[in-house]
Each structure stands twice: as structure tokens, then as C-alpha cells.
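> my_file29.cif is reproduced below (mmCIF, C-alpha atoms).
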```cif
data_start
#
loop_
_atom_site.label_atom_id
_atom_site.label_comp_id
_atom_site.auth_asym_id
_atom_site.auth_seq_id
_atom_site.Cartn_x
_atom_site.Cartn_y
_atom_site.Cartn_z
CA MET A 1 -1.33 17.77 53.50
CA LYS A 2 0.69 16.33 56.42
CA TRP A 3 3.30 19.03 55.90
CA ARG A 4 0.59 21.74 56.01
CA ASN A 5 -1.09 20.33 59.13
CA GLY A 6 2.26 20.11 60.90
CA CYS A 7 2.88 23.77 60.21
CA ILE A 8 -0.51 24.71 61.62
CA GLY A 9 0.19 22.76 64.84
CA LEU A 10 3.59 24.43 65.27
CA ALA A 11 2.12 27.87 64.75
CA ALA A 12 -0.57 27.21 67.35
CA ALA A 13 2.05 26.19 69.94
CA VAL A 14 4.07 29.34 69.33
CA MET A 15 0.97 31.51 69.70
CA LEU A 16 0.01 29.86 73.00
CA ALA A 17 3.50 30.43 74.42
CA ALA A 18 3.42 34.07 73.36
CA CYS A 19 0.10 34.58 75.18
CA GLY A 20 1.50 33.22 78.46
CA SER A 21 -0.38 29.94 78.30
CA ASP A 22 0.13 27.56 81.19
CA GLU A 23 0.11 24.66 78.79
CA PRO A 24 3.46 22.92 78.51
CA GLU A 25 5.51 23.73 75.47
CA VAL A 26 4.58 21.51 72.60
CA THR A 27 7.16 20.22 70.19
CA THR A 28 5.79 18.93 66.90
CA THR A 29 7.47 16.80 64.33
CA THR A 30 6.43 16.26 60.75
CA ASP A 31 6.89 13.38 58.38
CA PRO A 32 9.15 14.00 55.40
CA ALA A 33 7.22 15.59 52.56
CA GLU A 34 5.57 12.97 50.39
CA PRO A 35 6.43 13.15 46.70
CA GLU A 36 3.67 14.64 44.63
CA ALA A 37 1.73 12.20 42.47
CA MET A 38 2.97 12.08 38.88
CA GLU A 39 0.78 14.11 36.58
CA THR A 40 -0.39 12.13 33.56
CA VAL A 41 -0.22 13.83 30.16
CA THR A 42 -2.77 12.91 27.50
CA TRP A 43 -2.02 13.01 23.79
CA GLY A 44 -4.96 12.92 21.39
CA PHE A 45 -4.74 10.71 18.27
CA ALA A 46 -7.45 10.92 15.57
CA ILE A 47 -7.75 8.13 12.99
CA GLU A 48 -9.71 7.88 9.75
CA GLU A 49 -11.04 4.40 10.40
CA ILE A 50 -13.15 2.43 12.86
CA GLU A 51 -12.09 0.19 15.74
CA GLY A 52 -10.48 -3.03 14.52
CA SER A 53 -8.99 -1.43 11.42
CA VAL A 54 -5.31 -1.17 10.49
CA GLN A 55 -5.14 2.43 11.67
CA TYR A 56 -6.80 1.52 14.95
CA GLU A 57 -4.37 -1.32 15.57
CA TYR A 58 -1.48 1.05 14.82
CA ALA A 59 -2.83 3.72 17.18
CA ALA A 60 -3.54 1.21 19.96
CA HIS A 61 -0.03 -0.27 19.82
CA PHE A 62 1.51 3.21 19.59
CA ALA A 63 -0.43 4.17 22.74
CA GLU A 64 0.79 1.05 24.51
CA LEU A 65 4.43 1.63 23.56
CA VAL A 66 4.34 5.30 24.56
CA ASN A 67 2.77 4.49 27.92
CA GLN A 68 5.38 1.81 28.60
CA LYS A 69 8.34 3.92 27.50
CA THR A 70 7.23 6.88 29.64
CA ASP A 71 6.46 4.70 32.70
CA GLY A 72 2.82 5.73 32.55
CA GLU A 73 3.52 9.44 32.27
CA VAL A 74 1.79 9.71 28.88
CA ASP A 75 -1.59 8.31 27.88
CA VAL A 76 -2.68 8.37 24.24
CA ARG A 77 -6.41 8.82 23.65
CA ILE A 78 -7.66 7.44 20.34
CA TYR A 79 -10.53 9.09 18.45
CA THR A 80 -12.04 6.77 15.85
CA TYR A 81 -13.64 7.98 12.63
CA GLY A 82 -16.77 10.03 13.29
CA GLN A 83 -15.94 11.07 16.84
CA LEU A 84 -14.34 14.29 15.65
CA GLY A 85 -16.21 14.60 12.35
CA GLY A 86 -15.18 13.67 8.82
CA LEU A 87 -11.78 13.42 7.21
CA THR A 88 -11.28 17.13 6.56
CA ASP A 89 -12.39 17.82 10.15
CA ILE A 90 -9.62 15.52 11.37
CA TYR A 91 -7.02 17.32 9.27
CA ASP A 92 -8.27 20.74 10.40
CA GLN A 93 -8.06 19.71 14.04
CA VAL A 94 -4.55 18.34 13.90
CA GLN A 95 -3.43 21.44 12.00
CA SER A 96 -4.97 23.69 14.66
CA GLY A 97 -3.61 21.61 17.54
CA ALA A 98 -7.02 20.49 18.80
CA VAL A 99 -5.60 16.96 18.57
CA ASP A 100 -1.92 16.11 18.68
CA PHE A 101 -1.68 13.23 16.18
CA ALA A 102 -3.69 12.02 13.21
CA PHE A 103 -3.65 9.78 10.18
CA GLY A 104 -4.04 11.27 6.71
CA SER A 105 -4.52 9.34 3.46
CA GLY A 106 -6.06 10.14 0.06
CA PHE A 107 -8.09 13.16 1.10
CA LEU A 108 -4.98 14.63 2.70
CA GLY A 109 -3.94 15.69 -0.81
CA GLY A 110 -6.23 18.69 -0.43
CA THR A 111 -4.20 19.80 2.59
CA VAL A 112 -0.73 18.58 1.63
CA PRO A 113 -0.59 18.27 -2.20
CA GLU A 114 2.76 16.47 -2.10
CA SER A 115 1.12 13.59 -0.19
CA GLN A 116 -0.64 12.64 -3.44
CA LEU A 117 2.65 10.99 -4.31
CA PHE A 118 1.22 7.97 -2.48
CA SER A 119 -1.74 7.92 -4.88
CA LEU A 120 0.46 7.42 -7.95
CA ASN A 121 0.08 3.98 -9.52
CA PHE A 122 2.89 1.54 -10.31
CA VAL A 123 5.52 3.42 -8.31
CA LEU A 124 6.22 0.83 -5.61
CA THR A 125 7.48 -2.75 -5.85
CA ASP A 126 5.29 -5.85 -5.95
CA ASP A 127 6.48 -6.81 -2.47
CA GLU A 128 4.59 -5.17 0.40
CA TRP A 129 7.30 -5.66 3.02
CA THR A 130 9.89 -4.07 0.74
CA ASN A 131 7.54 -1.12 0.25
CA ALA A 132 7.03 -0.66 3.99
CA GLN A 133 10.80 -0.61 4.50
CA VAL A 134 11.44 1.86 1.69
CA LEU A 135 8.71 4.28 2.78
CA ASN A 136 9.97 4.28 6.37
CA ASP A 137 13.65 4.44 5.55
CA PRO A 138 14.94 7.69 7.14
CA ALA A 139 16.29 8.66 3.71
CA PHE A 140 12.66 9.04 2.61
CA ARG A 141 10.66 9.44 5.83
CA LYS A 142 12.91 12.25 7.03
CA HIS A 143 13.77 13.72 3.66
CA PRO A 144 13.76 17.56 3.87
CA ASP A 145 11.26 17.84 0.99
CA LEU A 146 8.77 15.56 2.76
CA LEU A 147 9.25 17.34 6.08
CA ASP A 148 8.90 20.80 4.54
CA SER A 149 5.77 19.91 2.59
CA PHE A 150 4.01 18.95 5.83
CA ARG A 151 5.55 21.53 8.13
CA GLU A 152 4.46 24.38 5.88
CA ARG A 153 0.92 23.23 6.67
CA ASP A 154 1.51 23.11 10.46
CA LEU A 155 2.03 19.33 10.39
CA HIS A 156 5.00 17.06 11.03
CA PRO A 157 5.18 13.61 9.33
CA LEU A 158 6.26 10.74 11.56
CA ALA A 159 5.67 7.50 9.63
CA VAL A 160 4.24 6.16 6.38
CA VAL A 161 1.85 3.24 6.84
CA PRO A 162 0.86 0.95 3.93
CA GLU A 163 -2.47 -0.74 4.69
CA GLY A 164 -2.63 -3.25 1.85
CA TRP A 165 -3.20 -3.26 -1.91
CA GLN A 166 -5.91 -1.08 -3.39
CA VAL A 167 -8.29 -3.56 -5.04
CA TRP A 168 -10.82 -2.79 -7.76
CA SER A 169 -14.35 -4.08 -7.47
CA ALA A 170 -16.80 -4.14 -10.39
CA ASN A 171 -19.73 -6.01 -11.86
CA GLN A 172 -17.65 -7.12 -14.82
CA GLU A 173 -14.24 -8.71 -15.22
CA ILE A 174 -11.56 -6.12 -16.00
CA ARG A 175 -8.19 -7.25 -17.30
CA THR A 176 -7.44 -4.56 -19.91
CA PRO A 177 -7.87 -0.80 -20.21
CA GLU A 178 -10.39 -1.49 -22.98
CA GLU A 179 -12.58 -3.39 -20.50
CA PHE A 180 -12.40 -0.38 -18.17
CA ALA A 181 -14.00 1.87 -20.80
CA GLY A 182 -17.06 3.67 -19.49
CA VAL A 183 -16.95 2.05 -16.04
CA ALA A 184 -18.10 4.59 -13.46
CA ILE A 185 -15.58 3.94 -10.70
CA ARG A 186 -15.69 5.83 -7.44
CA THR A 187 -12.55 7.79 -6.57
CA MET A 188 -11.83 10.18 -3.77
CA ASP A 189 -11.96 13.88 -4.59
CA ASN A 190 -8.38 13.78 -5.79
CA ARG A 191 -7.27 15.15 -9.16
CA LEU A 192 -4.44 12.66 -9.45
CA LEU A 193 -6.77 9.69 -9.00
CA ARG A 194 -9.27 11.12 -11.46
CA GLU A 195 -6.58 11.53 -14.11
CA THR A 196 -5.21 8.05 -13.40
CA TYR A 197 -8.54 6.34 -14.01
CA GLN A 198 -9.30 8.51 -17.00
CA ALA A 199 -5.99 7.27 -18.41
CA TYR A 200 -7.21 3.72 -17.80
CA GLY A 201 -10.35 4.50 -19.82
CA ALA A 202 -12.75 4.51 -16.84
CA ASP A 203 -15.20 7.20 -15.77
CA PRO A 204 -13.94 8.37 -12.33
CA THR A 205 -16.81 9.60 -10.16
CA THR A 206 -16.64 11.27 -6.75
CA MET A 207 -19.07 10.04 -4.11
CA GLU A 208 -19.13 10.31 -0.31
CA TYR A 209 -17.83 7.19 1.40
CA GLY A 210 -21.03 6.79 3.41
CA GLU A 211 -23.13 6.78 0.23
CA LEU A 212 -20.98 4.30 -1.65
CA PHE A 213 -22.80 1.08 -0.76
CA SER A 214 -26.20 2.38 -1.83
CA GLY A 215 -24.61 4.02 -4.88
CA MET A 216 -23.33 0.66 -6.09
CA GLN A 217 -26.49 -1.12 -5.07
CA LEU A 218 -28.61 1.31 -7.11
CA GLY A 219 -26.25 1.23 -10.07
CA GLN A 220 -25.15 4.85 -9.73
CA ILE A 221 -21.56 3.60 -9.47
CA ASP A 222 -20.14 0.59 -11.32
CA GLY A 223 -16.97 0.03 -9.35
CA ASN A 224 -14.90 0.93 -6.34
CA ILE A 225 -11.26 1.14 -5.18
CA GLN A 226 -10.51 0.01 -1.62
CA PRO A 227 -8.13 -2.20 0.36
CA VAL A 228 -9.56 -5.67 1.01
CA PHE A 229 -10.41 -4.96 4.65
CA ALA A 230 -12.57 -1.98 3.65
CA HIS A 231 -14.43 -4.03 1.02
CA GLN A 232 -15.34 -6.44 3.80
CA GLU A 233 -15.96 -4.00 6.66
CA MET A 234 -18.41 -1.94 4.63
CA ASP A 235 -20.00 -4.94 2.84
CA PHE A 236 -19.10 -3.50 -0.57
CA TYR A 237 -18.44 -7.01 -1.85
CA GLN A 238 -22.12 -7.83 -1.34
CA VAL A 239 -23.09 -5.58 -4.26
CA GLN A 240 -20.21 -6.37 -6.63
CA ASP A 241 -19.37 -9.44 -8.71
CA TYR A 242 -15.58 -9.18 -9.07
CA LEU A 243 -12.57 -8.22 -6.96
CA ILE A 244 -9.65 -7.38 -9.24
CA PHE A 245 -6.06 -7.42 -8.00
CA ALA A 246 -3.77 -5.32 -10.21
CA ASN A 247 -1.24 -4.41 -7.47
CA GLN A 248 -1.19 -0.91 -8.94
CA ALA A 249 -0.97 0.91 -5.61
CA GLN A 250 -1.23 0.38 -1.88
CA PHE A 251 -3.56 2.26 0.42
CA ILE A 252 -1.13 4.47 2.32
CA ALA A 253 -1.71 6.66 5.35
CA THR A 254 0.70 9.16 6.85
CA PHE A 255 1.05 9.29 10.64
CA MET A 256 1.54 12.95 11.51
CA ALA A 257 1.63 15.36 14.44
CA ASN A 258 0.74 18.98 14.91
CA LYS A 259 3.96 20.88 14.18
CA ASP A 260 3.93 23.18 17.22
CA PHE A 261 3.03 20.30 19.52
CA TYR A 262 5.87 18.19 18.17
CA ASP A 263 8.40 21.03 18.28
CA GLY A 264 7.45 21.71 21.91
CA LEU A 265 8.10 18.15 23.07
CA SER A 266 11.13 17.30 25.17
CA ASP A 267 13.98 15.41 23.54
CA GLU A 268 13.00 12.42 25.70
CA HIS A 269 9.45 12.38 24.35
CA LYS A 270 10.65 12.80 20.76
CA THR A 271 12.91 9.79 21.30
CA VAL A 272 9.97 7.79 22.66
CA ILE A 273 7.94 8.60 19.54
CA GLU A 274 10.83 7.74 17.22
CA GLU A 275 11.43 4.40 18.90
CA ALA A 276 7.71 3.63 18.75
CA VAL A 277 7.30 4.36 15.04
CA GLU A 278 10.39 2.30 14.22
CA ALA A 279 9.03 -0.66 16.20
CA LEU A 280 5.66 -0.30 14.50
CA VAL A 281 6.99 -0.81 10.94
CA PRO A 282 7.25 -4.63 11.12
CA TYR A 283 4.36 -4.86 13.59
CA ILE A 284 1.79 -3.09 11.43
CA HIS A 285 3.00 -4.84 8.29
CA ALA A 286 2.21 -8.17 9.93
CA VAL A 287 -1.13 -6.84 11.20
CA GLN A 288 -2.29 -5.51 7.83
CA THR A 289 -1.19 -8.68 6.05
CA GLU A 290 -3.10 -10.89 8.47
CA LEU A 291 -6.11 -8.58 8.57
CA ASN A 292 -6.45 -8.39 4.78
CA ASN A 293 -6.02 -12.17 4.42
CA GLU A 294 -8.67 -12.81 7.07
CA ARG A 295 -11.09 -10.35 5.47
CA LEU A 296 -10.55 -11.88 2.04
CA ASP A 297 -11.44 -15.29 3.50
CA ILE A 298 -14.63 -13.81 4.96
CA ILE A 299 -15.53 -12.31 1.59
CA THR A 300 -15.04 -15.56 -0.32
CA GLU A 301 -16.83 -17.64 2.33
CA ASN A 302 -19.87 -15.36 2.38
CA SER A 303 -20.31 -14.56 -1.29
CA ASP A 304 -19.89 -15.86 -4.82
CA ILE A 305 -17.63 -12.98 -5.76
CA GLU A 306 -14.92 -13.90 -8.27
CA LEU A 307 -11.28 -13.00 -7.61
CA VAL A 308 -9.27 -11.80 -10.60
CA TYR A 309 -5.47 -11.53 -10.46
CA LEU A 310 -3.86 -9.68 -13.36
CA THR A 311 -0.83 -11.21 -15.02
CA ALA A 312 2.45 -9.32 -15.39
CA GLU A 313 1.58 -8.59 -19.04
CA GLU A 314 -1.88 -7.31 -18.13
CA ARG A 315 -0.46 -5.09 -15.39
CA GLU A 316 2.10 -3.67 -17.81
CA ALA A 317 -0.67 -2.31 -20.07
CA PHE A 318 -2.05 -0.31 -17.14
CA ARG A 319 1.41 0.74 -15.96
CA GLU A 320 2.20 2.29 -19.33
CA ARG A 321 -1.01 4.31 -19.20
CA SER A 322 -0.18 5.51 -15.69
CA LEU A 323 3.22 7.00 -16.56
CA PRO A 324 1.95 10.36 -17.97
CA VAL A 325 0.15 10.96 -14.66
CA ARG A 326 3.57 11.45 -13.06
CA ASP A 327 3.89 14.60 -15.18
CA THR A 328 0.53 15.73 -13.83
CA PHE A 329 1.81 15.21 -10.30
CA ALA A 330 4.95 17.23 -11.07
CA GLU A 331 2.82 20.03 -12.48
CA MET A 332 0.61 20.04 -9.38
CA VAL A 333 3.32 20.06 -6.73
CA GLY A 334 6.26 21.86 -8.32
CA GLU A 335 9.97 21.22 -7.90
CA ARG A 336 9.90 20.05 -4.31
CA GLY A 337 7.27 17.37 -4.91
CA THR A 338 8.97 16.33 -8.13
CA ARG A 339 12.29 15.86 -6.32
CA LEU A 340 10.54 13.80 -3.67
CA MET A 341 8.93 11.60 -6.33
CA GLN A 342 12.33 10.98 -7.90
CA VAL A 343 13.83 10.13 -4.50
CA LEU A 344 11.13 7.49 -4.00
CA LEU A 345 11.52 6.09 -7.52
CA ASP A 346 15.29 5.81 -7.07
CA MET A 347 14.92 4.09 -3.70
CA VAL A 348 12.38 1.64 -5.15
CA ASP A 349 14.73 0.83 -8.04
CA GLU A 350 17.59 0.25 -5.59
CA ALA A 351 15.40 -2.01 -3.44
CA GLN A 352 14.34 -4.02 -6.48
CA GLU A 353 17.94 -4.44 -7.61
CA SER A 354 18.94 -5.54 -4.13
CA THR A 355 16.08 -8.02 -4.01
CA SER A 356 17.00 -9.30 -7.46
CA ASP A 357 20.63 -9.69 -6.42
CA ASN A 358 19.58 -11.56 -3.28
CA VAL A 359 17.33 -13.87 -5.28
CA GLU A 360 20.09 -14.50 -7.80
CA SER A 361 22.60 -15.14 -5.04
CA ALA A 362 20.19 -17.52 -3.32
CA ALA A 363 19.62 -19.32 -6.61
CA GLU A 364 23.37 -19.65 -7.17
CA ASP A 365 23.83 -20.98 -3.64
CA ALA A 366 21.06 -23.50 -4.23
CA MET A 367 22.66 -24.61 -7.48
CA ASP A 368 26.06 -24.96 -5.80
CA GLU A 369 24.49 -27.01 -3.02
CA ALA A 370 22.71 -29.19 -5.59
CA GLU A 371 25.96 -29.71 -7.51
CA ASP A 372 27.82 -30.58 -4.31
CA ALA A 373 25.07 -33.02 -3.37
CA ALA A 374 25.18 -34.58 -6.83
CA GLU A 375 28.98 -34.96 -6.67
CA ALA A 376 28.74 -36.48 -3.21
CA ALA A 377 26.06 -38.90 -4.42
CA ALA A 378 28.19 -39.83 -7.44
CA ASP A 379 31.24 -40.37 -5.24
CA GLU A 380 29.22 -42.55 -2.88
CA ALA A 381 27.78 -44.56 -5.77
CA GLU A 382 31.26 -45.05 -7.20
CA SER A 383 32.57 -46.14 -3.82
CA LEU A 384 29.73 -48.63 -3.40
CA ALA A 385 30.39 -49.99 -6.90
CA ASP A 386 34.07 -50.45 -6.08
CA ASP A 387 33.20 -52.22 -2.85
CA ALA A 388 30.81 -54.50 -4.69
CA ALA A 389 33.43 -55.29 -7.34
CA GLU A 390 36.00 -56.13 -4.66
CA THR A 391 33.53 -58.44 -2.94
CA MET A 392 32.81 -60.32 -6.16
CA THR A 393 36.53 -60.68 -6.86
CA GLU A 394 37.13 -62.18 -3.46
#
```
Written as C-alpha cells, that's how I'd like the structure from this file.

Amino acid sequence: MKWRNGCIGLAAAVMLAACGSDEPEVTTTTDPAEPEAMETVTWGFAIEEIEGSVQYEYAAHFAELVNQKTDGEVDVRIYTYGQLGGLTDIYDQVQSGAVDFAFGSGFLGGTVPESQLFSLNFVLTDDEWTNAQVLNDPAFRKHPDLLDSFRERDLHPLAVVPEGWQVWSANQEIRTPEEFAGVAIRTMDNRLLRETYQAYGADPTTMEYGELFSGMQLGQIDGNIQPVFAHQEMDFYQVQDYLIFANQAQFIATFMANKDFYDGLSDEHKTVIEEAVEALVPYIHAVQTELNNERLDIITENSDIELVYLTAEEREAFRERSLPVRDTFAEMVGERGTRLMQVLLDMVDEAQESTSDNVESAAEDAMDEAEDAAEAAADEAESLADDAAETMTE
């Protein structure tokens, strides 16, 4: 505005001189043009969960990192579950570009069938940190088959976020497939999950998430499958007698962007996003671990619910029944999804072998240290004995 006002003053002086004004000639000076204020860009991020959840903590930290890395140029606005509608509404809006980022989990299988890979049971390791590293290894996260499966649906995958083990709840103890027989367990509207629990002998039943508490309370549903934090947040544990840990699968969400939005970003902004998602892998692993542990403490402190942890032998019985479901997945998604499944299985095997080698190496090192300590102790004892013998001789 100073530049504009200076121009107006100069023009007025010229006009007065041209009209023969007796006023003395006026010389005006202007301040250097002030830099325009930086325009803030807002990116919309829709999540499937409420404030305080794993997805919310991820989105909030992502927003903080992006804002810092862009020196305030970019703000990320978070839309919690319900603000933009239900799950399919969220997926529709990120596909259309109405929001820029979103999380997608089990229901995403209806939009991206290949994403049902994350619903397969007994595919990952027993170690959650190892799983988080494998799923976010560029060899998997940026694999062409994963990218293409999302990009064909106007989406671009950015990160894979495990949110904790999927835990069964029921009004009876379940340790074997035979004890699962006839149990009406709620699953998402996902063919792969239905076939998995049919293989376990259960009766998979689809029910809206918002109706689940009353469904269990009224006996319409016998059991449920959720991460621990969801059992606590929604008070599901209040109407169930057992929480059963089989470590059969983790609850996994995919962080994704609208394809056209992502493709239109500058290289600098793509780098900011990449650095943020890499930094978030250890961060969100720690968050989900702490959150699920805290919520489990709340559950046990506020109820008489019994915790059941399956043994390796008990888990193996369920694992064997889950294997044919991999063929179902291959049939559903075709060659591309099948290749992607094999990539993940191979990476998991490699991670397990590496972990096993590390454990074995650590055990060998411990044994060597123990042997060295024993030899040193024996040498010291022998030396003390010799000293004592010399003293007696003297």
C-alpha cells in the first residue's frame, strides 16, 4: 500500500505542474516495496478414528513436522472420524481430491482390493517393531505393485501404519478352532475376513461399528475383533468376559494421498512428506505400544475381564487353518496382488532369519563372556590358592 500511495502522490504533483500551479514542485520518495506476506497452504487429512487415537497422534505429529519443515508455509488440517462422514465417505473424498490425505484400513479393501493383504492372518512376525520396519521398508512401501494398485484408484500410498494386535473378545474362552465353532464374531464387510473366520470355525457376522456395543450387549453378536485401544475407547470390554491374544494379525492402516494432488506437489514438498513419514515410523510404533498398554491397564483395572494368551502350539492350529485363505486372496486380486503378497512373505522370512541370527549371535557372545569370566575366576582362585600355600610354607 505504501508503494501505491507514493505513486498517487507523484501523479498529483505532475498534474499540478502541468496545469501551471504556483505550488512549488514536490518531490516524493517511497519506501522500498515491502515483501508480500507468505501465503499459507492448507492440506486436509481425514482419519478413521477419534481424537487421542493412534491415527490422530500420527496425523498430529505429521502436521507438526510438515509445518516445521516448510517454515510455516503448510498447515495440515485434521478431520476426525464423523466430520466428513463414514469410512467410505472418507475414501470417496480422498479419491476425488476433496481432501488431500487420508487413512484407510479394513474397509479400504472395497476400494483397493490389494490392501486386503493386511487382513491376512499369520503373515507377519511376532515382533511388532520388526513388522513396522518391514512394512515401511522402501522395498515394500514403494514396490511398483503396491503403488500401481493404489494409483489405479486415484490414490498414492505413503506409509503403512500398524496400530497394535487385533484382539478377539468373547463371552467364552477360545484357545482352539473347535471352541470357536458357532461363535458369531463381528467382522468388517470384507470377504477375506469372513473366509478367515469361517476357516476358524466361527460364524462371521457383519455389523456397523456404531451398533456393535448394543449388538454384543443384546447377544446379537458373541465376539469382536479390535485392537486393544478400540476395545477400551468404545467400552466393548464392558460387555465381554474374555480378551484373547492370538497375535494372528495387526490392525494396519495405510496413509495415502490423492494421486493428482501428490503428483502436482513440488519436489521440495514431496521431500518434506517423505522425511516426515520416515521419522514417524519409530514415533508411531512407540505411541501405539504405549497407548495399547495404557488402555489394557484401564480395562483390567475397571473390569473382571480375563486375559487369554495363546501358546505357540495353540496359535499354530489357527495358522494352519489360515493358509488356504491366501489362495482366496490370490484369486481376488490376481497376479499383481499375489506378487505383492509373496514380496511381503519373503521380506518377513528374511527379517525373521536376521532376528534369529542376531539372537544366536548374542547368545554365543554371552556364552563366550561367561566362559571368559569363568576362566578368569578359576585363574584368580588358583592364584589365591598358590599365595595361600606359599604363606603356609613360609
> Quick one: apply the PyMOL selection byres ((chain A and resi 84) around 12) to the file and drop the selected residues here as a PyMOL selection string.
chain A and resi 44-49+78-83+85-94+98-99+102
> Taking 5 positions as the minimum chain separation for residues in the same chain, which residues sit within 8 Å of segment 156-170 of chain A when counting only C-alpha atoms? Answer as a VMD selection string.
chain A and resid 54 128 131 to 132 135 to 136 141 146 to 147 150 to 151 222 to 228 237 240 to 259 262 274 277 281 284 to 285 288 to 289 292
> Could you spell out the hits of the PyMOL selection byres ((chain A and resi 344) around 9) on the shown file, as a CSV table (one decimal) with C-alpha atoms, keeping the file's coordinate frame?

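Result written to out-v8.csv:
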```csv
chain,number,residue,atom,x,y,z
A,123,VAL,CA,5.5,3.4,-8.3
A,124,LEU,CA,6.2,0.8,-5.6
A,134,VAL,CA,11.4,1.9,1.7
A,135,LEU,CA,8.7,4.3,2.8
A,140,PHE,CA,12.7,9.0,2.6
A,339,ARG,CA,12.3,15.9,-6.3
A,340,LEU,CA,10.5,13.8,-3.7
A,341,MET,CA,8.9,11.6,-6.3
A,342,GLN,CA,12.3,11.0,-7.9
A,343,VAL,CA,13.8,10.1,-4.5
A,345,LEU,CA,11.5,6.1,-7.5
A,346,ASP,CA,15.3,5.8,-7.1
A,347,MET,CA,14.9,4.1,-3.7
A,348,VAL,CA,12.4,1.6,-5.2
A,349,ASP,CA,14.7,0.8,-8.0
```
> Do a neighbour search on Ala230 of chain A at 9 Å with only C-alpha atoms, toss out local chain neighbours closer than 6 positions, and write the hits as a CSV table (one decimal) with C-alpha atoms, in the frame of the given file.

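Output below, filename part39.csv:
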```csv
chain,number,residue,atom,x,y,z
A,53,SER,CA,-9.0,-1.4,11.4
A,236,PHE,CA,-19.1,-3.5,-0.6
A,292,ASN,CA,-6.4,-8.4,4.8
A,295,ARG,CA,-11.1,-10.4,5.5
```
> Could you tell me how far atom CA of Pro144 of chain A lies from atom CA of Phe122 of chain A, in Å and to one decimal?
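Straight-line distance from atom CA of Pro144 of chain A to atom CA of Phe122 of chain A works out to 24.0 Å.
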> Tell me, as a list in words, which residues lie within 7 Å of segment 176-191 of chain A, counting only C-alpha atoms; anything in the same chain fewer than 2 positions away does not count.
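Near neighbours after the sequence-gap exclusion: Gly106, Phe107, Gly109, Ile174, Leu193, Arg194, Glu195, Tyr200, Gly201, Ala202, Asp203, Pro204, Thr205, Thr206, Met207, Ile221, Asp222, Gly223, Asn224, Ile225, Glu314 and Phe318 of chain A.
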> Apply the PyMOL selection byres ((chain A and resi 62) around 9) to the displayed file and report the matching residues as a PDB file with C-alpha atoms, keeping the file's coordinate frame.

```pdb
ATOM      1  CA  GLU A  57      -4.370  -1.320  15.570  1.00  0.00           C
ATOM      2  CA  TYR A  58      -1.480   1.050  14.820  1.00  0.00           C
ATOM      3  CA  ALA A  59      -2.830   3.720  17.180  1.00  0.00           C
ATOM      4  CA  ALA A  60      -3.540   1.210  19.960  1.00  0.00           C
ATOM      5  CA  HIS A  61      -0.030  -0.270  19.820  1.00  0.00           C
ATOM      6  CA  ALA A  63      -0.430   4.170  22.740  1.00  0.00           C
ATOM      7  CA  GLU A  64       0.790   1.050  24.510  1.00  0.00           C
ATOM      8  CA  LEU A  65       4.430   1.630  23.560  1.00  0.00           C
ATOM      9  CA  VAL A  66       4.340   5.300  24.560  1.00  0.00           C
ATOM     10  CA  ASN A  67       2.770   4.490  27.920  1.00  0.00           C
ATOM     11  CA  VAL A  76      -2.680   8.370  24.240  1.00  0.00           C
ATOM     12  CA  ILE A 273       7.940   8.600  19.540  1.00  0.00           C
ATOM     13  CA  ALA A 276       7.710   3.630  18.750  1.00  0.00           C
ATOM     14  CA  VAL A 277       7.300   4.360  15.040  1.00  0.00           C
ATOM     15  CA  LEU A 280       5.660  -0.300  14.500  1.00  0.00           C
TER      16      LEU A 280
END
```
> Can you work out the spacing between atom CA of Ala312 of chain A and atom CA of Ser105 of chain A in Å, to one decimal?
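Interatomic distance here is 27.4 Å.
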> Because the input lacks atoms here, generate N, CA and C atoms for segment 174-185 of chain A and report them as a short mmCIF file (atom, residue, chain, number, x, y, z; two decimals), keeping the file's coordinate frame.

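Here's the written file rebuild_19.cif:
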```cif
data_model
loop_
_atom_site.label_atom_id
_atom_site.label_comp_id
_atom_site.auth_asym_id
_atom_site.auth_seq_id
_atom_site.Cartn_x
_atom_site.Cartn_y
_atom_site.Cartn_z
N ILE A 174 -12.39 -7.16 -15.37
CA ILE A 174 -11.56 -6.12 -16.00
C ILE A 174 -10.11 -6.60 -15.98
N ARG A 175 -9.59 -6.84 -17.17
CA ARG A 175 -8.19 -7.25 -17.30
C ARG A 175 -7.40 -6.32 -18.22
N THR A 176 -8.10 -5.46 -18.96
CA THR A 176 -7.44 -4.56 -19.91
C THR A 176 -8.04 -3.17 -19.78
N PRO A 177 -7.30 -2.14 -20.20
CA PRO A 177 -7.87 -0.80 -20.21
C PRO A 177 -9.13 -0.73 -21.06
N GLU A 178 -9.19 -1.51 -22.13
CA GLU A 178 -10.39 -1.49 -22.98
C GLU A 178 -11.63 -1.96 -22.21
N GLU A 179 -11.45 -2.90 -21.30
CA GLU A 179 -12.58 -3.39 -20.50
C GLU A 179 -12.98 -2.41 -19.40
N PHE A 180 -12.10 -1.42 -19.15
CA PHE A 180 -12.40 -0.38 -18.17
C PHE A 180 -13.22 0.76 -18.79
N ALA A 181 -13.35 0.75 -20.09
CA ALA A 181 -14.00 1.87 -20.80
C ALA A 181 -15.43 2.08 -20.31
N GLY A 182 -15.71 3.30 -19.89
CA GLY A 182 -17.06 3.67 -19.49
C GLY A 182 -17.47 3.22 -18.11
N VAL A 183 -16.60 2.51 -17.37
CA VAL A 183 -16.95 2.05 -16.04
C VAL A 183 -16.91 3.22 -15.07
N ALA A 184 -18.03 3.49 -14.43
CA ALA A 184 -18.10 4.59 -13.46
C ALA A 184 -17.52 4.10 -12.14
N ILE A 185 -16.26 4.41 -11.90
CA ILE A 185 -15.58 3.94 -10.70
C ILE A 185 -15.43 5.08 -9.70
#
```
